[in-house]
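Notes follow the structure.
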Amino acid sequence: MTLFRHGGVRPGGTRRLPAVIAAGVVAIAAVLVAPLFAPGPAAADTPWLNVSDDGYLSISIPAASIEAKVGQVSEVAVEGNFGPSSAWAEYGLTRRGDVWWGALGPLKPGLYSYQVTGDITKGLKDPTNATVVASKPLWSTFLVPGDSARLLADVPQGQGGKVETLTYRAGKQERSALVWTPPGYLSTGRKPYPVLYLRSGDGQSATDWLDLGRAGQILDNLSVRGSVEPMVVVITDGRGPDDDEDLKDLRKAVGDAYRVHHDREHQAIAGVSEGGSQALRAALTGPGQFAYAGSFSGLLTEIAGVRPGPGPNPGAKLLRLYTGNVTDPAYNATVRLTKALDRAGVRYEFDGVNPDAGANWTAWQENLADFLPRLFRKAPDHGPSAGHGRLKGEFHPPRAGTTPTPFVTKDGFVTFETTTDFKDARHVTVWANDAPGGSWLRVPMSRDGDRWRVTIGPLDPWFYYYQWIVDGVSAKDTSNPAKVTSEPNWSTFLIPGERSRLLSDVPAGRGGKIESLTYPSTVANQDRTALVWTPPGYDPNRAQPYPVLYLQHGSGQNYTDWVEMGRAKQILDHHFLDGKLVPMVVVMGNGNTSDFGKELLDNIVPAARARYNVSGDPSRQALAGLSMGGVQTLGVLKAYPGRFAYIAAFSAWFGSGDGVDAEAINKGTRMLRLYVGDQTDFVQPFFMASLPTLDGLGIHYEFDGVTPGPHGWDVWQKNLIDLAPRLFRR
């Protein structure tokens with residue numbers, strides 16, 4: 001049986017499934033699930049990517065299609081703007097029979113661009129997606145609809161404006177621009193139209209504003225709603241010179257070909273990145289030929305040559321600045337520019353810091369939608385967009401070589417930095433659970449001297465784990481002291497906040513204790529170890545023995561994972577101090593065995609009772625586990641009904657009902673509680689398929705509902721947070 005895992009194959013070297021992702025790979029379930037993991041080849045015209053109504057992306061790419069284009073590959077990724085702040089990231093797929101498979105989401109409403117890549121360097125376009133990005137032949141796009149992306153959708157046929165190509169001469173060169181004319185535009189008449197010159201950034205194409213910026217849709221939608229003045233919009237690439245010559249020739253060509261105003265009051269200019277800097281220079285310097293200017297992630301920091309004349313900025317009606325968060329190179333530039341404008345007495349407006357986007361088209365789409373309604377009319381307001389924040393001074397990560405890493409700001413931005421060990425590498429990424437719901441993405445790092453660095457965020461308060469992928473081979477961040485025994489290359493960090501409070505350490509001396517329990521295993525024929533949490537104030541001589549929870553890990557994991565990755569100690573400590581937890585002992589044993597029932601009942605339970613003051617009464621015993629451990633837990637329930645009154649399974653499935661004594665289970669079980677992740681949890685189909693079996697047998701159970709997130713610790717931590725306070729209260 002070939003089982004898949006979420007988030008991609010392990011690059012390079014061993015092909016073993018990492019425990020954090022492959023926790024559902026269990027031999028005892030092979031017969032039950034094998035048919036579900038053997039999909040037939042997809043038809044050539046079957047879409048490789050599909051988006052559900054609630055924003056989940058499912059990916060299914062025939063291996064034969066990839067091999068036909070780029071040859072044999074050992075790994076496949078979908079690269080796209082899926083990362084934090086819409087950063088470009090790589091999402092690794094899993095080989096599942098004849099198909100490379102993956103699931104990601106929920107994605108926020110918006111436009112996404114992507115390409116398919118094999119073995120890091122072999123790129124190909126999705127042939128099942130007809131969209132094109134003219135400047136990036138391998139890219140395709142898709143739109144996740146939603147209220148926040150309503151301006152990016154196509155307007156009904158015939159209601160929008162038109163886009164044409166204008167060819168003109170700039171000096172001795174022939175150039176071209178794209179021109180959008182509004183709905184109902186007339187080339188003849190008495191009243192000319194105002195004009196906006198919209199520039200792309202350095203190295204970008206004019207077509208990017210249409211293919212990636214959705215400028216046509218934004219203009220169409222705002223025009224249909226009457227939210228903008230009818231205007232002509234001229235879109236140019238970012239390859240023109242910095243001086244006025246190209247712009248002068250373009251303006252003349254536009255004036256000759258279109259019915260537009262020529263006076264300053266009806267001229268506007270805006271641009272992205274260096275195009276934004278050019279827009280500001282055109283508006284601020286010399287005679288000033290534009291009354292409106294917008295800088296979208298512009299990189300201008302000084303305003304030498306400004307001639308404000310008598311009074312600040314005479315004649316300019318609007319200078320509006322836009323920037324993304326600290327991942328945007330324009331962030332620090334904007335800090336410096338605002339200071340320079342303030343010193344020069346130049347009036348300007350600042351849209352505020354976009355907290356959820358960096359230097360990318362997600363931000364610039366919003367910038368354009370905000371800027372357009374302010375042109376050639378009285379602006380509705382002059383303040384920042386809703387949710388945007390203030391500049392807080394320049395952002396500079398610690399100097400190279402500062403340890404420990406990563407560097408986390410109080411507002412959730414994380415800077416990763418390698419050591420100099422990878423100075424000769426060609427491609428380095430950080431692979432972490434920073435995708436929507438806690439899925440795993442590989443974010444490319446940039447070379448910084450002999451090191452590699454990247455800043456991502458903002459990340460929500462939570463517990464994160466990551467590793468480097470260096471030229472396809474996994475490596476540990478040796479500057480991070482965090483240790484994961486079962487996955488030596490993983491490192492961890494916590495972003496504090498109310499959302500992650502239960503995963504944080506409690507004050508020193510107030511929590512429970514973690515101890516090692518060594519016991520002889522008659523199944524493994526060796527001594528094995530469990531970790532045991534005892535509550536604050538644990539009394540080994542208490543007259544009434546403590547109730548006990550036996551908490552199991554998943555496949556490829558070990559007894560250490562619930563502490564090192566699952567944050568079990570922190571969760572239990574907080575619940576106890578919050579008064580939500582019945583004082584109990586929690587035993588985290590080694591479930592890597594061919595006969596878990598025997599290992600549990602003959603070895604782990606007797607060892608725990610011999611060492612700790614825990615109850616042997618079934619009504620005071622609980623058993624729970626994740627993935628493989630959840631399947632093992634349900635196996636014990638079926639084989640030994642009534643031995644544990646409290647049963648819980650995280651991301652597992654019940655399996656066959658043959659020979660199950662439902663009456664004994666109902667009689668001996670006070671609570672059977674089941675959990676599963678969302679569509680990105682590969683166990684969900686098996687879990688859902690097992691519920692009719694439980695219903696048909698008449699077994700009483702509770703289903704917590706879908707836990708947002710994939711087959712990983714983000715889900716299982718939430719499951720333990722929900723489960724622990726429910727134990728031993730009935």
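The way I read the labels, and the way they are meant: chains A, B, ... in the order of the structure tokens, residue 1 as the first residue of every chain, and ligand 1 as the first ligand shown, with later ones counted on from there.
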
Practice prompt. Show which residues sit within 9 Å of A:Pro520, as a ChimeraX atom specification. Count only C-alpha atoms, and ignore same-chain residues fewer than 5 positions away.
Written response: /A:525-529,603-604,607

Discussion item. Residues near stretch 472-483 of chain A, anyone? I mean within 10 Å using only C-alpha atoms, not counting same-chain ones fewer than 2 positions away, as JSON, numbers by chain.
Written reply: {"A": [10, 11, 12, 13, 14, 75, 119, 120, 401, 402, 403, 404, 405, 406, 416, 417, 418, 419, 422, 426, 427, 428, 429, 430, 431, 465, 466, 467, 468, 469, 470, 485, 486, 487, 488, 489, 490, 491, 492, 493, 564, 565]}

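Take the candidates A:Ala530, A:Leu517, A:Leu503, A:Leu143 and check each one against A:Ala568 using only C-alpha atoms; the shortest distance goes to A:Leu503.
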
Worksheet item: Which residues, written as a list in words, have at least one atom at most 9 Å from stretch 571-580 of chain A, with only C-alpha atoms counted and residues fewer than 2 positions away on the same chain left out?
Response: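 Skipping anything fewer than 2 positions along the chain leaves Arg501, Leu502, Leu503, Ser504, Asp505, Val506, Arg510, Gly511, Gly512, Trp533, Pro535, Pro536, Gly566, Arg567, Ala568, Lys569, Val582, Pro583, Gln717, Leu720, Ile721, Ala724, Pro725 and Arg726 of chain A.
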
Worksheet item: Distance atom CA of A:Pro496-atom CA of A:Leu441, one decimal place?
Response: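 It comes out at 21.3 Å.
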
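For stretch 111-221 of chain A, a DSSP pass over the backbone yields helix (DSSP H, G or I) at Asp147, Ser148, Ala149, Arg150, Leu151, Leu152, Asp208, Trp209, Leu210, Asp211, Ala215, Gly216, Gln217, Ile218, Leu219, Asp220 and Asn221 of chain A.
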
May I have the residues from that selection written out with N, CA and C atoms, as a CSV table (one decimal), in the first residue's frame?
```csv
chain,number,residue,atom,x,y,z
A,147,ASP,N,-16.1,38.3,-0.9
A,147,ASP,CA,-16.5,39.7,-0.8
A,147,ASP,C,-15.3,40.6,-0.9
A,148,SER,N,-14.2,40.2,-0.3
A,148,SER,CA,-13.0,41.0,-0.3
A,148,SER,C,-12.3,41.0,-1.7
A,149,ALA,N,-12.7,40.1,-2.6
A,149,ALA,CA,-12.1,40.0,-3.9
A,149,ALA,C,-13.1,40.4,-5.0
A,150,ARG,N,-14.2,41.0,-4.6
A,150,ARG,CA,-15.3,41.3,-5.6
A,150,ARG,C,-14.8,42.2,-6.7
A,151,LEU,N,-13.9,43.1,-6.5
A,151,LEU,CA,-13.4,44.0,-7.5
A,151,LEU,C,-12.5,43.2,-8.5
A,152,LEU,N,-12.1,42.0,-8.2
A,152,LEU,CA,-11.2,41.3,-9.1
A,152,LEU,C,-12.0,40.4,-10.1
A,208,ASP,N,1.5,42.8,-16.8
A,208,ASP,CA,1.4,42.3,-15.5
A,208,ASP,C,0.2,43.0,-14.8
A,209,TRP,N,0.0,44.3,-15.1
A,209,TRP,CA,-1.1,45.0,-14.5
A,209,TRP,C,-2.4,44.4,-14.8
A,210,LEU,N,-2.5,43.7,-16.0
A,210,LEU,CA,-3.8,43.1,-16.4
A,210,LEU,C,-3.8,41.6,-15.9
A,211,ASP,N,-2.7,40.9,-16.1
A,211,ASP,CA,-2.7,39.5,-15.8
A,211,ASP,C,-2.6,39.2,-14.3
A,215,ALA,N,-6.0,44.9,-13.2
A,215,ALA,CA,-6.4,46.4,-13.4
A,215,ALA,C,-7.7,46.5,-14.2
A,216,GLY,N,-7.8,45.7,-15.2
A,216,GLY,CA,-9.0,45.8,-16.1
A,216,GLY,C,-10.3,45.5,-15.3
A,217,GLN,N,-10.3,44.4,-14.5
A,217,GLN,CA,-11.4,44.1,-13.7
A,217,GLN,C,-11.7,45.2,-12.6
A,218,ILE,N,-10.7,45.7,-12.0
A,218,ILE,CA,-10.9,46.7,-11.0
A,218,ILE,C,-11.5,48.0,-11.6
A,219,LEU,N,-10.9,48.4,-12.7
A,219,LEU,CA,-11.5,49.6,-13.4
A,219,LEU,C,-12.9,49.3,-13.9
A,220,ASP,N,-13.2,48.1,-14.4
A,220,ASP,CA,-14.5,47.8,-14.9
A,220,ASP,C,-15.5,47.9,-13.7
A,221,ASN,N,-15.2,47.2,-12.6
A,221,ASN,CA,-16.1,47.1,-11.5
A,221,ASN,C,-16.4,48.5,-10.9
```

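Each of A:Ser651, A:Gln544, A:Thr323, A:Thr669 was checked against A:Gly616 using only C-alpha atoms; the smallest atom-to-atom distance is that of A:Gln544.
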
Worksheet, complete the sentence: As a check of understanding: the span from atom CA of A:Ala652 to atom CA of A:Ser627 is 4.7 Å

Discussion item. Need to verify the contact set: A:Phe376, 8 Å, only C-alpha atoms, exclusion of same-chain residues closer than 4 positions in sequence. Can you return it as number ranges by chain?
Written reply: A: 194, 229, 265-266

Practice prompt. Apply DSSP to the backbone of this structure and, from stretch 483-677 of chain A, keep only the residues in strand (DSSP E or B); write these as an NGL selection string.
Written response: :A and (491-495 or 513-521 or 526-534 or 546 or 548-552 or 585-588 or 614 or 621-626 or 646-650 or 671-677)
